[in-house]
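A.B. asks: For reference, this is work_15.cif, and it has mmCIF, N, CA and C atoms.
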```cif
data_work
#
loop_
_atom_site.group_PDB
_atom_site.id
_atom_site.type_symbol
_atom_site.label_atom_id
_atom_site.label_comp_id
_atom_site.auth_asym_id
_atom_site.auth_seq_id
_atom_site.Cartn_x
_atom_site.Cartn_y
_atom_site.Cartn_z
ATOM 1 N N MET A 272 109.116 118.108 107.892
ATOM 2 C CA MET A 272 108.156 118.254 106.825
ATOM 3 C C MET A 272 107.743 119.715 106.754
ATOM 4 N N ILE A 273 107.667 120.227 105.557
ATOM 5 C CA ILE A 273 107.271 121.614 105.333
ATOM 6 C C ILE A 273 105.928 121.610 104.621
ATOM 7 N N LYS A 274 105.028 122.478 105.109
ATOM 8 C CA LYS A 274 103.694 122.547 104.546
ATOM 9 C C LYS A 274 103.394 123.992 104.195
ATOM 10 N N VAL A 275 102.896 124.236 102.983
ATOM 11 C CA VAL A 275 102.499 125.576 102.556
ATOM 12 C C VAL A 275 101.073 125.795 103.043
ATOM 13 N N VAL A 276 100.898 126.797 103.905
ATOM 14 C CA VAL A 276 99.590 127.052 104.493
ATOM 15 C C VAL A 276 98.780 128.019 103.641
ATOM 16 N N ARG A 277 99.423 129.039 103.125
ATOM 17 C CA ARG A 277 98.728 130.023 102.291
ATOM 18 C C ARG A 277 99.498 130.251 101.010
ATOM 19 N N GLY A 278 98.777 130.627 99.989
ATOM 20 C CA GLY A 278 99.396 130.983 98.731
ATOM 21 C C GLY A 278 99.664 129.774 97.857
ATOM 22 N N ASN A 279 100.215 130.041 96.701
ATOM 23 C CA ASN A 279 100.531 129.004 95.742
ATOM 24 C C ASN A 279 101.932 129.288 95.197
ATOM 25 N N PRO A 280 102.989 128.867 95.910
ATOM 26 C CA PRO A 280 104.344 129.194 95.461
ATOM 27 C C PRO A 280 104.715 128.397 94.216
ATOM 28 N N THR A 281 105.564 129.019 93.423
ATOM 29 C CA THR A 281 106.079 128.318 92.243
ATOM 30 C C THR A 281 107.124 127.293 92.722
ATOM 31 N N PRO A 282 107.440 126.328 91.911
ATOM 32 C CA PRO A 282 108.470 125.363 92.313
ATOM 33 C C PRO A 282 109.814 126.029 92.632
ATOM 34 N N GLU A 283 110.147 127.121 91.923
ATOM 35 C CA GLU A 283 111.395 127.828 92.189
ATOM 36 C C GLU A 283 111.364 128.508 93.555
ATOM 37 N N GLU A 284 110.247 129.134 93.913
ATOM 38 C CA GLU A 284 110.114 129.789 95.212
ATOM 39 C C GLU A 284 110.165 128.760 96.348
ATOM 40 N N LEU A 285 109.518 127.633 96.139
ATOM 41 C CA LEU A 285 109.527 126.581 97.142
ATOM 42 C C LEU A 285 110.927 126.005 97.321
ATOM 43 N N ALA A 286 111.655 125.835 96.211
ATOM 44 C CA ALA A 286 113.027 125.326 96.273
ATOM 45 C C ALA A 286 113.939 126.328 96.989
ATOM 46 N N ALA A 287 113.748 127.623 96.744
ATOM 47 C CA ALA A 287 114.556 128.643 97.406
ATOM 48 C C ALA A 287 114.284 128.658 98.910
ATOM 49 N N ALA A 288 113.025 128.575 99.306
ATOM 50 C CA ALA A 288 112.691 128.551 100.733
ATOM 51 C C ALA A 288 113.246 127.306 101.397
ATOM 52 N N LEU A 289 113.169 126.175 100.740
ATOM 53 C CA LEU A 289 113.699 124.928 101.286
ATOM 54 C C LEU A 289 115.223 124.983 101.407
ATOM 55 N N ALA A 290 115.901 125.616 100.457
ATOM 56 C CA ALA A 290 117.362 125.750 100.519
ATOM 57 C C ALA A 290 117.779 126.601 101.720
ATOM 58 N N VAL A 291 117.020 127.657 101.990
ATOM 59 C CA VAL A 291 117.335 128.502 103.139
ATOM 60 C C VAL A 291 117.151 127.724 104.438
ATOM 61 N N VAL A 292 116.071 126.972 104.547
ATOM 62 C CA VAL A 292 115.814 126.193 105.768
ATOM 63 C C VAL A 292 116.895 125.136 105.953
ATOM 64 N N GLN A 293 117.280 124.460 104.885
ATOM 65 C CA GLN A 293 118.324 123.437 104.985
ATOM 66 C C GLN A 293 119.674 124.047 105.343
ATOM 67 N N ALA A 294 119.992 125.205 104.795
ATOM 68 C CA ALA A 294 121.264 125.864 105.117
ATOM 69 C C ALA A 294 121.301 126.281 106.581
ATOM 70 N N ARG A 295 120.200 126.819 107.096
ATOM 71 C CA ARG A 295 120.143 127.210 108.512
ATOM 72 C C ARG A 295 120.285 125.997 109.421
ATOM 73 N N ALA A 296 119.667 124.877 109.037
ATOM 74 C CA ALA A 296 119.761 123.661 109.847
ATOM 75 C C ALA A 296 121.178 123.102 109.825
ATOM 76 N N ALA A 297 121.858 123.188 108.688
ATOM 77 C CA ALA A 297 123.227 122.677 108.584
ATOM 78 C C ALA A 297 124.188 123.504 109.430
ATOM 79 N N VAL A 298 124.019 124.810 109.440
ATOM 80 C CA VAL A 298 124.882 125.673 110.250
ATOM 81 C C VAL A 298 124.639 125.409 111.725
ATOM 82 N N GLY A 299 123.405 125.245 112.119
ATOM 83 C CA GLY A 299 123.085 124.977 113.514
ATOM 84 C C GLY A 299 123.634 123.642 113.990
ATOM 85 N N ALA A 300 123.735 122.669 113.098
ATOM 86 C CA ALA A 300 124.237 121.351 113.473
ATOM 87 C C ALA A 300 125.761 121.334 113.587
ATOM 88 N N THR A 301 126.463 122.200 112.862
ATOM 89 C CA THR A 301 127.925 122.175 112.881
ATOM 90 C C THR A 301 128.521 123.031 113.994
ATOM 91 N N VAL A 302 127.790 124.010 114.492
ATOM 92 C CA VAL A 302 128.297 124.891 115.534
ATOM 93 C C VAL A 302 128.138 124.191 116.884
ATOM 94 N N ALA A 303 129.250 123.992 117.559
ATOM 95 C CA ALA A 303 129.217 123.350 118.872
ATOM 96 C C ALA A 303 128.867 124.386 119.931
ATOM 97 N N PRO A 304 128.039 124.034 120.886
ATOM 98 C CA PRO A 304 127.717 125.009 121.939
ATOM 99 C C PRO A 304 128.946 125.289 122.806
ATOM 100 N N ALA A 305 129.067 126.523 123.238
ATOM 101 C CA ALA A 305 130.205 126.917 124.073
ATOM 102 C C ALA A 305 130.074 126.283 125.451
ATOM 103 N N ALA A 306 131.191 125.916 126.012
ATOM 104 C CA ALA A 306 131.183 125.330 127.348
ATOM 105 C C ALA A 306 130.852 126.412 128.370
ATOM 106 N N PRO A 307 129.994 126.104 129.312
ATOM 107 C CA PRO A 307 129.661 127.114 130.310
ATOM 108 C C PRO A 307 130.866 127.421 131.200
ATOM 109 N N ALA A 308 130.941 128.639 131.643
ATOM 110 C CA ALA A 308 132.052 129.056 132.507
ATOM 111 C C ALA A 308 131.944 128.332 133.848
ATOM 112 N N ARG A 309 133.080 127.835 134.334
ATOM 113 C CA ARG A 309 133.087 127.122 135.606
ATOM 114 C C ARG A 309 133.043 128.118 136.756
ATOM 115 N N SER A 310 132.348 127.733 137.773
ATOM 116 C CA SER A 310 132.245 128.556 138.961
ATOM 117 C C SER A 310 133.559 128.502 139.734
ATOM 118 N N GLU A 311 133.855 129.549 140.452
ATOM 119 C CA GLU A 311 135.066 129.576 141.280
ATOM 120 C C GLU A 311 134.993 128.509 142.362
ATOM 121 N N TRP A 312 133.785 128.182 142.802
ATOM 122 C CA TRP A 312 133.636 127.160 143.841
ATOM 123 C C TRP A 312 134.019 125.781 143.344
ATOM 124 N N SER A 313 133.914 125.508 142.038
ATOM 125 C CA SER A 313 134.270 124.192 141.505
ATOM 126 C C SER A 313 135.712 124.130 141.016
ATOM 127 N N ASN A 314 136.461 125.198 141.177
ATOM 128 C CA ASN A 314 137.844 125.243 140.734
ATOM 129 C C ASN A 314 138.718 124.403 141.683
ATOM 130 N N PRO A 315 139.408 123.355 141.169
ATOM 131 C CA PRO A 315 140.222 122.531 142.047
ATOM 132 C C PRO A 315 141.424 123.269 142.633
ATOM 133 N N ALA A 316 141.863 124.350 142.025
ATOM 134 C CA ALA A 316 142.995 125.104 142.557
ATOM 135 C C ALA A 316 142.631 125.761 143.881
ATOM 136 N N ARG A 317 141.350 125.933 144.118
ATOM 137 C CA ARG A 317 140.908 126.532 145.374
ATOM 138 C C ARG A 317 141.256 125.643 146.564
ATOM 139 N N LEU A 318 141.371 124.354 146.332
ATOM 140 C CA LEU A 318 141.667 123.408 147.401
ATOM 141 C C LEU A 318 143.147 123.092 147.532
ATOM 142 N N ALA A 319 143.987 123.790 146.775
ATOM 143 C CA ALA A 319 145.423 123.524 146.796
ATOM 144 C C ALA A 319 146.005 123.797 148.180
ATOM 145 N N ALA A 320 147.070 123.051 148.521
ATOM 146 C CA ALA A 320 147.672 123.153 149.849
ATOM 147 C C ALA A 320 148.328 124.508 150.091
ATOM 148 N N GLY A 321 148.745 125.217 149.046
ATOM 149 C CA GLY A 321 149.464 126.469 149.215
ATOM 150 C C GLY A 321 148.585 127.672 149.457
ATOM 151 N N ARG A 322 147.284 127.502 149.505
ATOM 152 C CA ARG A 322 146.421 128.676 149.681
ATOM 153 C C ARG A 322 146.411 129.144 151.129
ATOM 154 N N ARG A 323 146.073 130.383 151.295
ATOM 155 C CA ARG A 323 146.030 130.987 152.619
ATOM 156 C C ARG A 323 144.883 130.390 153.435
ATOM 157 N N VAL A 324 145.166 129.922 154.603
ATOM 158 C CA VAL A 324 144.166 129.326 155.485
ATOM 159 C C VAL A 324 143.904 130.301 156.623
ATOM 160 N N PRO A 325 142.650 130.554 156.942
ATOM 161 C CA PRO A 325 142.373 131.495 158.028
ATOM 162 C C PRO A 325 142.806 130.927 159.375
ATOM 163 N N HIS A 326 143.281 131.794 160.237
ATOM 164 C CA HIS A 326 143.683 131.394 161.576
ATOM 165 C C HIS A 326 142.460 131.394 162.489
ATOM 166 N N PRO A 327 142.405 130.470 163.409
ATOM 167 C CA PRO A 327 141.256 130.443 164.319
ATOM 168 C C PRO A 327 141.144 131.737 165.109
ATOM 169 N N GLY A 328 139.933 132.143 165.326
ATOM 170 C CA GLY A 328 139.708 133.363 166.092
ATOM 171 C C GLY A 328 138.276 133.827 165.925
ATOM 172 N N PRO A 329 137.915 134.905 166.582
ATOM 173 C CA PRO A 329 136.531 135.362 166.539
ATOM 174 C C PRO A 329 136.089 135.845 165.157
ATOM 175 N N ARG A 330 137.011 136.292 164.317
ATOM 176 C CA ARG A 330 136.628 136.779 162.980
ATOM 177 C C ARG A 330 137.149 135.892 161.852
ATOM 178 N N ALA A 331 137.478 134.670 162.124
ATOM 179 C CA ALA A 331 138.012 133.764 161.100
ATOM 180 C C ALA A 331 136.979 133.456 160.020
ATOM 181 N N TRP A 332 135.709 133.484 160.357
ATOM 182 C CA TRP A 332 134.670 133.196 159.384
ATOM 183 C C TRP A 332 134.647 134.223 158.251
ATOM 184 N N ARG A 333 135.104 135.451 158.512
ATOM 185 C CA ARG A 333 135.086 136.478 157.477
ATOM 186 C C ARG A 333 136.030 136.155 156.324
ATOM 187 N N THR A 334 137.165 135.527 156.610
ATOM 188 C CA THR A 334 138.137 135.227 155.560
ATOM 189 C C THR A 334 138.061 133.781 155.085
ATOM 190 N N SER A 335 137.107 133.019 155.558
ATOM 191 C CA SER A 335 137.049 131.601 155.198
ATOM 192 C C SER A 335 136.693 131.386 153.733
ATOM 193 N N TYR A 336 136.068 132.322 153.071
ATOM 194 C CA TYR A 336 135.688 132.149 151.685
ATOM 195 C C TYR A 336 136.489 133.025 150.717
ATOM 196 N N TRP A 337 137.427 133.799 151.178
ATOM 197 C CA TRP A 337 138.197 134.662 150.298
ATOM 198 C C TRP A 337 139.043 133.836 149.355
ATOM 199 N N PRO A 338 139.124 134.223 148.064
ATOM 200 C CA PRO A 338 139.990 133.505 147.135
ATOM 201 C C PRO A 338 141.465 133.668 147.520
ATOM 202 N N ALA A 339 142.236 132.688 147.197
ATOM 203 C CA ALA A 339 143.660 132.716 147.549
ATOM 204 C C ALA A 339 144.423 133.684 146.691
#
```
Now, as a test, write the supplied structure out as C-alpha coordinates.

C.D. replies:
Amino acid sequence: MIKVVRGNPTPEELAAALAVVQARAAVGATVAPAAPARSEWSNPARLAAGRRVPHPGPRAWRTSYWPA
(Lines of atoms letter the chains of each structure in order from A and count residues from 1; the text may use other names and numbers.)
(Lines give C-alpha, C1' and ligand atoms only; values in the text may rest on other atoms or scores of the structure.)
Protein backbone atom coordinates (compact mmCIF):
# COMPACT_ATOMS: atom_id res chain seq x y z
CA MET A 1 0.00 0.00 0.00
CA ILE A 2 1.28 3.44 -0.90
CA LYS A 3 0.30 6.50 1.08
CA VAL A 4 0.95 10.15 0.15
CA VAL A 5 2.20 11.85 3.29
CA ARG A 6 2.79 15.37 1.98
CA GLY A 7 1.61 17.34 -0.98
CA ASN A 8 -1.23 16.84 -3.39
CA PRO A 9 0.03 14.89 -6.44
CA THR A 10 -1.94 14.88 -9.65
CA PRO A 11 -3.26 11.52 -10.85
CA GLU A 12 -0.54 11.51 -13.55
CA GLU A 13 2.25 12.07 -11.00
CA LEU A 14 0.84 9.37 -8.75
CA ALA A 15 0.58 6.94 -11.68
CA ALA A 16 4.20 7.68 -12.69
CA ALA A 17 5.47 7.09 -9.14
CA LEU A 18 3.48 3.86 -8.88
CA ALA A 19 4.86 2.65 -12.25
CA VAL A 20 8.42 3.20 -11.03
CA VAL A 21 7.77 1.29 -7.80
CA GLN A 22 6.13 -1.59 -9.67
CA ALA A 23 8.97 -1.76 -12.21
CA ARG A 24 11.59 -1.88 -9.43
CA ALA A 25 9.65 -4.63 -7.65
CA ALA A 26 9.34 -6.67 -10.86
CA VAL A 27 13.08 -6.47 -11.56
CA GLY A 28 13.90 -7.47 -8.00
CA ALA A 29 11.60 -10.49 -8.23
CA THR A 30 13.09 -11.80 -11.50
CA VAL A 31 16.78 -11.52 -10.55
CA ALA A 32 17.93 -14.68 -8.81
CA PRO A 33 20.45 -14.22 -6.02
CA ALA A 34 23.95 -15.44 -6.84
CA ALA A 35 25.05 -18.63 -5.17
CA PRO A 36 27.60 -18.02 -2.45
CA ALA A 37 31.13 -19.20 -3.16
CA ARG A 38 31.89 -22.57 -1.59
CA SER A 39 34.64 -22.77 0.95
CA GLU A 40 37.70 -24.86 0.16
CA TRP A 41 36.97 -26.86 3.30
CA SER A 42 33.62 -28.04 1.86
CA ASN A 43 35.14 -29.04 -1.48
CA PRO A 44 34.72 -32.83 -1.92
CA ALA A 45 37.84 -32.99 -4.12
CA ARG A 46 39.85 -32.22 -1.00
CA LEU A 47 39.02 -35.69 0.30
CA ALA A 48 40.00 -37.49 -2.91
CA ALA A 49 42.29 -40.52 -2.55
CA GLY A 50 44.95 -39.07 -4.88
CA ARG A 51 45.82 -36.09 -2.71
CA ARG A 52 49.12 -35.77 -0.94
CA VAL A 53 48.97 -37.18 2.59
CA PRO A 54 51.47 -35.95 5.17
CA HIS A 55 53.93 -38.50 6.50
CA PRO A 56 54.04 -39.05 10.24
CA GLY A 57 56.71 -37.10 12.01
CA PRO A 58 57.37 -34.17 14.31
CA ARG A 59 56.34 -31.57 11.69
CA ALA A 60 53.48 -33.43 9.99
CA TRP A 61 50.93 -31.04 11.47
CA ARG A 62 52.35 -28.20 9.34
CA THR A 63 51.32 -29.86 6.06
CA SER A 64 48.08 -31.43 7.29
CA TYR A 65 45.95 -28.58 5.94
CA TRP A 66 47.82 -27.71 2.73
CA PRO A 67 45.70 -27.97 -0.43
CA ALA A 68 46.60 -30.81 -2.76

A.B. asks: One decimal, Å: what's the distance from CA of Ile273 (chain A) over to CA of Ala296 (chain A), could you say?

C.D. replies: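 Spanning CA of Ile273 (chain A) to CA of Ala296 (chain A) is a straight-line distance of 13.4 Å.
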
A.B. asks: Can you measure atom N of Glu311 (chain A) to atom N of Pro327 (chain A) for me? One decimal in Å is fine.

C.D. replies: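 Between these atoms lies a distance of 24.5 Å.
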
A.B. asks: Rounded to one decimal place, report the CA of Pro280 (chain A)-CA of Arg295 (chain A) distance in Å.

C.D. replies: 20.6 Å
